[in-house]
Amino acid sequence: MSNAKLVVKKPDGSLLYDTGNISYGLVKSGYLTFSSNWRRWRLRFINVDPNLASSWGESGIPGDNQYGFTIDNPQSPIVFLVGRGTATGVTVSGNTKTYLYAGATTATKYYCFDLMRNDGLPSPWLKTRSRESGQITFNSNQNPMNVVASIRAPDPGPPDRFGRPVFTYTGGRNERIAFLSQAGSAIAHSLVDINLDAGTEYAAFLPWNRSCGIIDASPFPDGGAPMVYGMTEGAFGRVGGISFFFAPPGRTTEDYWSTTNTGVGYSYINLPTSRFPSALVIKTAGLPFPFN
């Protein structure tokens, strides 16, 4: 015999919630804050084996800024972003976790959802529990996560004369964020915009991401030798759609690249194409911000 459940639909017939499914509710929203700067790794000497960890040393100049937010007692959180950010890791302190993102700014907004739980608020509510475990499966006091779309990352862009894609996405573009100098590391982003309803703000979550290398032909403001460094993938929402992008994650390796094997601008190496991630998309209208 199947378990009893409650299914609620909107007037148009679309599903609002089904207590037989896993339900996520909003637990926190706000702007990312600066956390720390992660230095990159460079080869210690010429002609050392790059496959050995001992061959690499920390760069002496600032690397890639990390931004994040902290939540208490997370269970299985899902974080949607409005504005750039690619997930780089989690730090743990007792019962709190801080989720970190590179390629972001303090203007990036986050909406963190987690498994619904018994919040103990005194207002009227509807709560359902699992028959087997007794755990909360739905709590009407929480703003539910409502995914409105799942969008696959586009294929890589056209190749250069060496056969390497010049954009990480078809129809995309590259953007210079910073040059290599004593003030910081060379940073470029590669991104593509996916348009949805104009005037509507969206937030996006990428369940898993890819990594690749970028060959940056002009990492210095006045020229100089090409550089190669690592990139990781992210997805974020904006008004009118979402975007996929690649950015340096922090603690990546970087090295010089041969001028005889370099095109103009940027190109990408070791970009996986056997699988492509799909971003989950929500609308932010009606969700409290900031919220804790």
# chains A, B, ... in the order shown; residues from 1 in each chain; ligands from 1
>>> select_by_dssp(residues="region 27-272 of chain A", states="helix (DSSP H, G or I)", output="ChimeraX atom specification")
/A:53-55,259-261
>>> write_last_selection(atoms="N, CA and C atoms", output="CSV table (one decimal), in the first residue's frame")
chain,number,residue,atom,x,y,z
A,53,ALA,N,53.7,17.6,-6.6
A,53,ALA,CA,53.2,18.7,-5.8
A,53,ALA,C,54.4,19.6,-5.3
A,54,SER,N,55.5,19.0,-5.0
A,54,SER,CA,56.7,19.7,-4.5
A,54,SER,C,57.3,20.7,-5.5
A,55,SER,N,56.9,20.5,-6.7
A,55,SER,CA,57.5,21.4,-7.8
A,55,SER,C,56.8,22.8,-7.8
A,259,THR,N,55.0,31.2,-26.9
A,259,THR,CA,54.4,32.1,-27.8
A,259,THR,C,54.2,31.5,-29.2
A,260,THR,N,54.9,30.4,-29.5
A,260,THR,CA,54.7,29.8,-30.8
A,260,THR,C,53.5,28.9,-30.9
A,261,ASN,N,52.8,28.7,-29.8
A,261,ASN,CA,51.6,27.9,-29.7
A,261,ASN,C,50.4,28.7,-29.1
>>> select_by_dssp(residues="region 28-182 of chain A", states="strand (DSSP E)", output="ChimeraX atom specification")
/A:28-31,33-38,41-43,56-58,64-72,78-82,86-93,96-102,109-115,127-129,136-139,149-152,173-178
>>> residues_around(residues="Pro249 (chain A)", least_positions_apart="4", cutoff="12 Å", atoms="only C-alpha atoms", output="VMD selection string")
chain A and resid 37 to 40 63 to 67 85 to 89 100 to 104 187 to 189 209 to 213 229 to 234 245 253 to 254
>>> residues_around(residues="Ala149 (chain A)", least_positions_apart="3", cutoff="8 Å", atoms="only C-alpha atoms", output="PyMOL selection string")
chain A and resi 280-282
>>> write_last_selection(atoms="N, CA, C and O atoms", output="PDB file, in the first residue's frame")
ATOM      1  N   LEU A 280      19.722  24.779 -12.747  1.00  0.00           N
ATOM      2  CA  LEU A 280      18.358  24.908 -12.252  1.00  0.00           C
ATOM      3  C   LEU A 280      18.063  26.388 -12.056  1.00  0.00           C
ATOM      4  O   LEU A 280      18.926  27.155 -11.607  1.00  0.00           O
ATOM      5  N   VAL A 281      16.834  26.802 -12.392  1.00  0.00           N
ATOM      6  CA  VAL A 281      16.493  28.216 -12.416  1.00  0.00           C
ATOM      7  C   VAL A 281      15.235  28.466 -11.587  1.00  0.00           C
ATOM      8  O   VAL A 281      14.270  27.691 -11.661  1.00  0.00           O
ATOM      9  N   ILE A 282      15.254  29.530 -10.793  1.00  0.00           N
ATOM     10  CA  ILE A 282      14.078  29.964 -10.049  1.00  0.00           C
ATOM     11  C   ILE A 282      13.839  31.440 -10.329  1.00  0.00           C
ATOM     12  O   ILE A 282      14.736  32.153 -10.803  1.00  0.00           O
TER      13      ILE A 282
END
>>> residues_around(residues="Val239 (chain A)", least_positions_apart="5", cutoff="8 Å", atoms="only C-alpha atoms", output="list in words")
Ala198, Gly199, Thr200, Glu201 and Tyr202 of chain A
>>> atom_distance(atom1="CA of Arg161 (chain A)", atom2="CA of Ala225 (chain A)")
19.0 Å
>>> residues_around(residues="Ser278 (chain A)", least_positions_apart="6", cutoff="7 Å", atoms="only C-alpha atoms", output="JSON, numbers by chain")
{"A": [150, 151, 152, 153, 206]}
>>> closest_residue(among="A:Phe291, A:Trp41, A:Tyr99, A:Trp257", to="Ile61 (chain A)", atoms="only C-alpha atoms")
A:Trp41
>>> atom_distance(atom1="CA of Ile71 (chain A)", atom2="CA of Leu32 (chain A)")
12.3 Å
>>> closest_residue(among="A:Arg117, A:Met227, A:Val8, A:Pro74", to="Thr96 (chain A)", atoms="only C-alpha atoms")
A:Pro74
>>> closest_atom_pairs(of="region 139-250 of chain A", to="region 263-273 of chain A", cutoff="6 Å", atoms="only C-alpha atoms", output="CSV")
residue,atom,partner,partner_atom,distance
A:Arg164,CA,A:Tyr268,CA,5.8
A:Pro165,CA,A:Ser267,CA,5.6
A:Val166,CA,A:Ser267,CA,4.3
A:Cys212,CA,A:Leu271,CA,4.8
A:Gly213,CA,A:Ile269,CA,5.1
A:Ile214,CA,A:Tyr268,CA,4.6
A:Ile215,CA,A:Ser267,CA,5.3
A:Asp216,CA,A:Tyr266,CA,5.0
A:Ala217,CA,A:Gly265,CA,5.3
>>> residues_around(residues="Val79 (chain A)", least_positions_apart="5", cutoff="10 Å", atoms="only C-alpha atoms", output="VMD selection string")
chain A and resid 26 28 to 29 87 99 110 to 114 203 to 207
>>> atom_distance(atom1="CA of Asp12 (chain A)", atom2="CA of Val148 (chain A)")
14.8 Å
>>> closest_residue(among="A:Ala247, A:Phe167, A:Phe69, A:Leu115", to="Gln142 (chain A)", atoms="only C-alpha atoms")
A:Leu115
>>> decode(residues="region 119-240 of chain A", atoms="C-alpha atoms", output="PDB file, in the first residue's frame")
ATOM      1  CA  ASP A 119      10.956  25.766  12.670  1.00  0.00           C
ATOM      2  CA  GLY A 120       8.752  26.070  15.757  1.00  0.00           C
ATOM      3  CA  LEU A 121       7.156  29.371  14.677  1.00  0.00           C
ATOM      4  CA  PRO A 122       3.782  30.046  16.342  1.00  0.00           C
ATOM      5  CA  SER A 123       1.939  31.263  13.226  1.00  0.00           C
ATOM      6  CA  PRO A 124      -0.676  29.063  11.463  1.00  0.00           C
ATOM      7  CA  TRP A 125       0.980  26.381   9.382  1.00  0.00           C
ATOM      8  CA  LEU A 126       0.622  23.109   7.563  1.00  0.00           C
ATOM      9  CA  LYS A 127       3.294  20.502   8.285  1.00  0.00           C
ATOM     10  CA  THR A 128       3.618  16.973   6.951  1.00  0.00           C
ATOM     11  CA  ARG A 129       5.900  14.217   8.178  1.00  0.00           C
ATOM     12  CA  SER A 130       7.374  11.037   6.768  1.00  0.00           C
ATOM     13  CA  ARG A 131       5.476   7.987   8.015  1.00  0.00           C
ATOM     14  CA  GLU A 132       8.704   6.005   8.325  1.00  0.00           C
ATOM     15  CA  SER A 133      11.048   8.530   9.985  1.00  0.00           C
ATOM     16  CA  GLY A 134       8.704  11.164  11.373  1.00  0.00           C
ATOM     17  CA  GLN A 135      10.828  13.898   9.811  1.00  0.00           C
ATOM     18  CA  ILE A 136       9.242  17.046   8.393  1.00  0.00           C
ATOM     19  CA  THR A 137       8.623  16.743   4.640  1.00  0.00           C
ATOM     20  CA  PHE A 138       6.731  20.007   4.150  1.00  0.00           C
ATOM     21  CA  ASN A 139       6.342  23.170   6.235  1.00  0.00           C
ATOM     22  CA  SER A 140       4.071  25.949   4.988  1.00  0.00           C
ATOM     23  CA  ASN A 141       5.956  28.470   7.159  1.00  0.00           C
ATOM     24  CA  GLN A 142       8.889  28.262   4.731  1.00  0.00           C
ATOM     25  CA  ASN A 143       9.083  29.724   1.243  1.00  0.00           C
ATOM     26  CA  PRO A 144       9.299  26.653  -1.015  1.00  0.00           C
ATOM     27  CA  MET A 145      11.888  26.220  -3.759  1.00  0.00           C
ATOM     28  CA  ASN A 146      10.101  26.345  -7.112  1.00  0.00           C
ATOM     29  CA  VAL A 147      12.326  25.412 -10.054  1.00  0.00           C
ATOM     30  CA  VAL A 148      10.924  26.940 -13.244  1.00  0.00           C
ATOM     31  CA  ALA A 149      13.513  25.691 -15.744  1.00  0.00           C
ATOM     32  CA  SER A 150      16.528  23.439 -16.278  1.00  0.00           C
ATOM     33  CA  ILE A 151      18.933  24.786 -18.911  1.00  0.00           C
ATOM     34  CA  ARG A 152      21.897  22.900 -20.382  1.00  0.00           C
ATOM     35  CA  ALA A 153      25.228  24.647 -20.842  1.00  0.00           C
ATOM     36  CA  PRO A 154      25.933  25.368 -24.549  1.00  0.00           C
ATOM     37  CA  ASP A 155      28.642  23.641 -26.576  1.00  0.00           C
ATOM     38  CA  PRO A 156      32.120  25.260 -26.825  1.00  0.00           C
ATOM     39  CA  GLY A 157      32.704  28.148 -29.192  1.00  0.00           C
ATOM     40  CA  PRO A 158      34.581  28.056 -32.541  1.00  0.00           C
ATOM     41  CA  PRO A 159      38.222  26.856 -32.644  1.00  0.00           C
ATOM     42  CA  ASP A 160      41.314  28.956 -33.271  1.00  0.00           C
ATOM     43  CA  ARG A 161      44.055  27.891 -35.719  1.00  0.00           C
ATOM     44  CA  PHE A 162      45.361  25.435 -33.111  1.00  0.00           C
ATOM     45  CA  GLY A 163      41.971  23.755 -32.750  1.00  0.00           C
ATOM     46  CA  ARG A 164      41.254  25.214 -29.313  1.00  0.00           C
ATOM     47  CA  PRO A 165      37.896  26.955 -28.635  1.00  0.00           C
ATOM     48  CA  VAL A 166      38.163  30.726 -28.358  1.00  0.00           C
ATOM     49  CA  PHE A 167      35.053  30.864 -26.140  1.00  0.00           C
ATOM     50  CA  THR A 168      33.933  28.255 -23.621  1.00  0.00           C
ATOM     51  CA  TYR A 169      30.395  28.548 -25.040  1.00  0.00           C
ATOM     52  CA  THR A 170      28.903  28.958 -28.498  1.00  0.00           C
ATOM     53  CA  GLY A 171      27.578  32.495 -28.811  1.00  0.00           C
ATOM     54  CA  GLY A 172      29.638  33.566 -25.800  1.00  0.00           C
ATOM     55  CA  ARG A 173      32.300  36.177 -25.117  1.00  0.00           C
ATOM     56  CA  ASN A 174      35.463  36.767 -23.104  1.00  0.00           C
ATOM     57  CA  GLU A 175      35.922  39.591 -20.616  1.00  0.00           C
ATOM     58  CA  ARG A 176      39.146  40.940 -19.133  1.00  0.00           C
ATOM     59  CA  ILE A 177      38.732  41.394 -15.358  1.00  0.00           C
ATOM     60  CA  ALA A 178      42.351  42.106 -14.317  1.00  0.00           C
ATOM     61  CA  PHE A 179      45.889  42.041 -15.686  1.00  0.00           C
ATOM     62  CA  LEU A 180      48.889  40.289 -14.152  1.00  0.00           C
ATOM     63  CA  SER A 181      50.839  42.814 -12.109  1.00  0.00           C
ATOM     64  CA  GLN A 182      52.111  43.394  -8.594  1.00  0.00           C
ATOM     65  CA  ALA A 183      48.543  44.371  -7.728  1.00  0.00           C
ATOM     66  CA  GLY A 184      47.119  40.970  -8.590  1.00  0.00           C
ATOM     67  CA  SER A 185      46.879  38.042 -10.996  1.00  0.00           C
ATOM     68  CA  ALA A 186      45.644  37.949 -14.566  1.00  0.00           C
ATOM     69  CA  ILE A 187      41.907  37.248 -14.589  1.00  0.00           C
ATOM     70  CA  ALA A 188      39.538  36.691 -17.496  1.00  0.00           C
ATOM     71  CA  HIS A 189      35.976  35.390 -17.597  1.00  0.00           C
ATOM     72  CA  SER A 190      34.324  33.463 -20.435  1.00  0.00           C
ATOM     73  CA  LEU A 191      30.545  33.600 -20.439  1.00  0.00           C
ATOM     74  CA  VAL A 192      27.317  33.276 -22.402  1.00  0.00           C
ATOM     75  CA  ASP A 193      23.893  34.791 -21.752  1.00  0.00           C
ATOM     76  CA  ILE A 194      20.662  32.778 -22.020  1.00  0.00           C
ATOM     77  CA  ASN A 195      17.669  35.082 -22.337  1.00  0.00           C
ATOM     78  CA  LEU A 196      14.336  34.311 -20.659  1.00  0.00           C
ATOM     79  CA  ASP A 197      11.446  36.659 -19.798  1.00  0.00           C
ATOM     80  CA  ALA A 198      12.487  40.302 -19.969  1.00  0.00           C
ATOM     81  CA  GLY A 199      12.039  42.222 -16.725  1.00  0.00           C
ATOM     82  CA  THR A 200      11.988  39.095 -14.531  1.00  0.00           C
ATOM     83  CA  GLU A 201      14.851  38.428 -12.119  1.00  0.00           C
ATOM     84  CA  TYR A 202      16.124  34.851 -12.069  1.00  0.00           C
ATOM     85  CA  ALA A 203      18.576  32.986  -9.858  1.00  0.00           C
ATOM     86  CA  ALA A 204      20.523  29.898 -10.959  1.00  0.00           C
ATOM     87  CA  PHE A 205      22.183  26.879  -9.346  1.00  0.00           C
ATOM     88  CA  LEU A 206      24.695  24.585 -11.073  1.00  0.00           C
ATOM     89  CA  PRO A 207      24.589  21.097  -9.456  1.00  0.00           C
ATOM     90  CA  TRP A 208      28.067  20.225 -10.757  1.00  0.00           C
ATOM     91  CA  ASN A 209      30.656  22.016 -12.836  1.00  0.00           C
ATOM     92  CA  ARG A 210      33.608  21.509 -15.151  1.00  0.00           C
ATOM     93  CA  SER A 211      37.135  22.874 -15.170  1.00  0.00           C
ATOM     94  CA  CYS A 212      39.560  23.788 -17.945  1.00  0.00           C
ATOM     95  CA  GLY A 213      42.658  25.854 -18.650  1.00  0.00           C
ATOM     96  CA  ILE A 214      42.758  29.298 -20.241  1.00  0.00           C
ATOM     97  CA  ILE A 215      45.638  30.434 -22.456  1.00  0.00           C
ATOM     98  CA  ASP A 216      45.768  34.171 -21.876  1.00  0.00           C
ATOM     99  CA  ALA A 217      47.791  35.690 -24.726  1.00  0.00           C
ATOM    100  CA  SER A 218      48.046  39.158 -23.158  1.00  0.00           C
ATOM    101  CA  PRO A 219      48.057  38.808 -19.354  1.00  0.00           C
ATOM    102  CA  PHE A 220      50.148  41.973 -18.863  1.00  0.00           C
ATOM    103  CA  PRO A 221      48.866  45.501 -19.569  1.00  0.00           C
ATOM    104  CA  ASP A 222      51.870  46.211 -21.811  1.00  0.00           C
ATOM    105  CA  GLY A 223      52.209  42.790 -23.486  1.00  0.00           C
ATOM    106  CA  GLY A 224      54.545  40.068 -22.263  1.00  0.00           C
ATOM    107  CA  ALA A 225      54.608  36.288 -22.384  1.00  0.00           C
ATOM    108  CA  PRO A 226      51.298  34.362 -22.550  1.00  0.00           C
ATOM    109  CA  MET A 227      50.059  32.635 -19.394  1.00  0.00           C
ATOM    110  CA  VAL A 228      47.994  29.528 -18.729  1.00  0.00           C
ATOM    111  CA  TYR A 229      45.878  29.131 -15.582  1.00  0.00           C
ATOM    112  CA  GLY A 230      42.849  27.200 -14.388  1.00  0.00           C
ATOM    113  CA  MET A 231      39.149  28.001 -14.719  1.00  0.00           C
ATOM    114  CA  THR A 232      35.983  26.515 -13.185  1.00  0.00           C
ATOM    115  CA  GLU A 233      32.376  26.762 -14.307  1.00  0.00           C
ATOM    116  CA  GLY A 234      29.455  28.545 -12.707  1.00  0.00           C
ATOM    117  CA  ALA A 235      25.935  29.718 -13.501  1.00  0.00           C
ATOM    118  CA  PHE A 236      24.039  32.733 -12.227  1.00  0.00           C
ATOM    119  CA  GLY A 237      20.752  34.536 -12.718  1.00  0.00           C
ATOM    120  CA  ARG A 238      20.059  38.113 -13.693  1.00  0.00           C
ATOM    121  CA  VAL A 239      17.160  40.268 -14.824  1.00  0.00           C
ATOM    122  CA  GLY A 240      15.936  38.765 -18.084  1.00  0.00           C
TER     123      GLY A 240
END
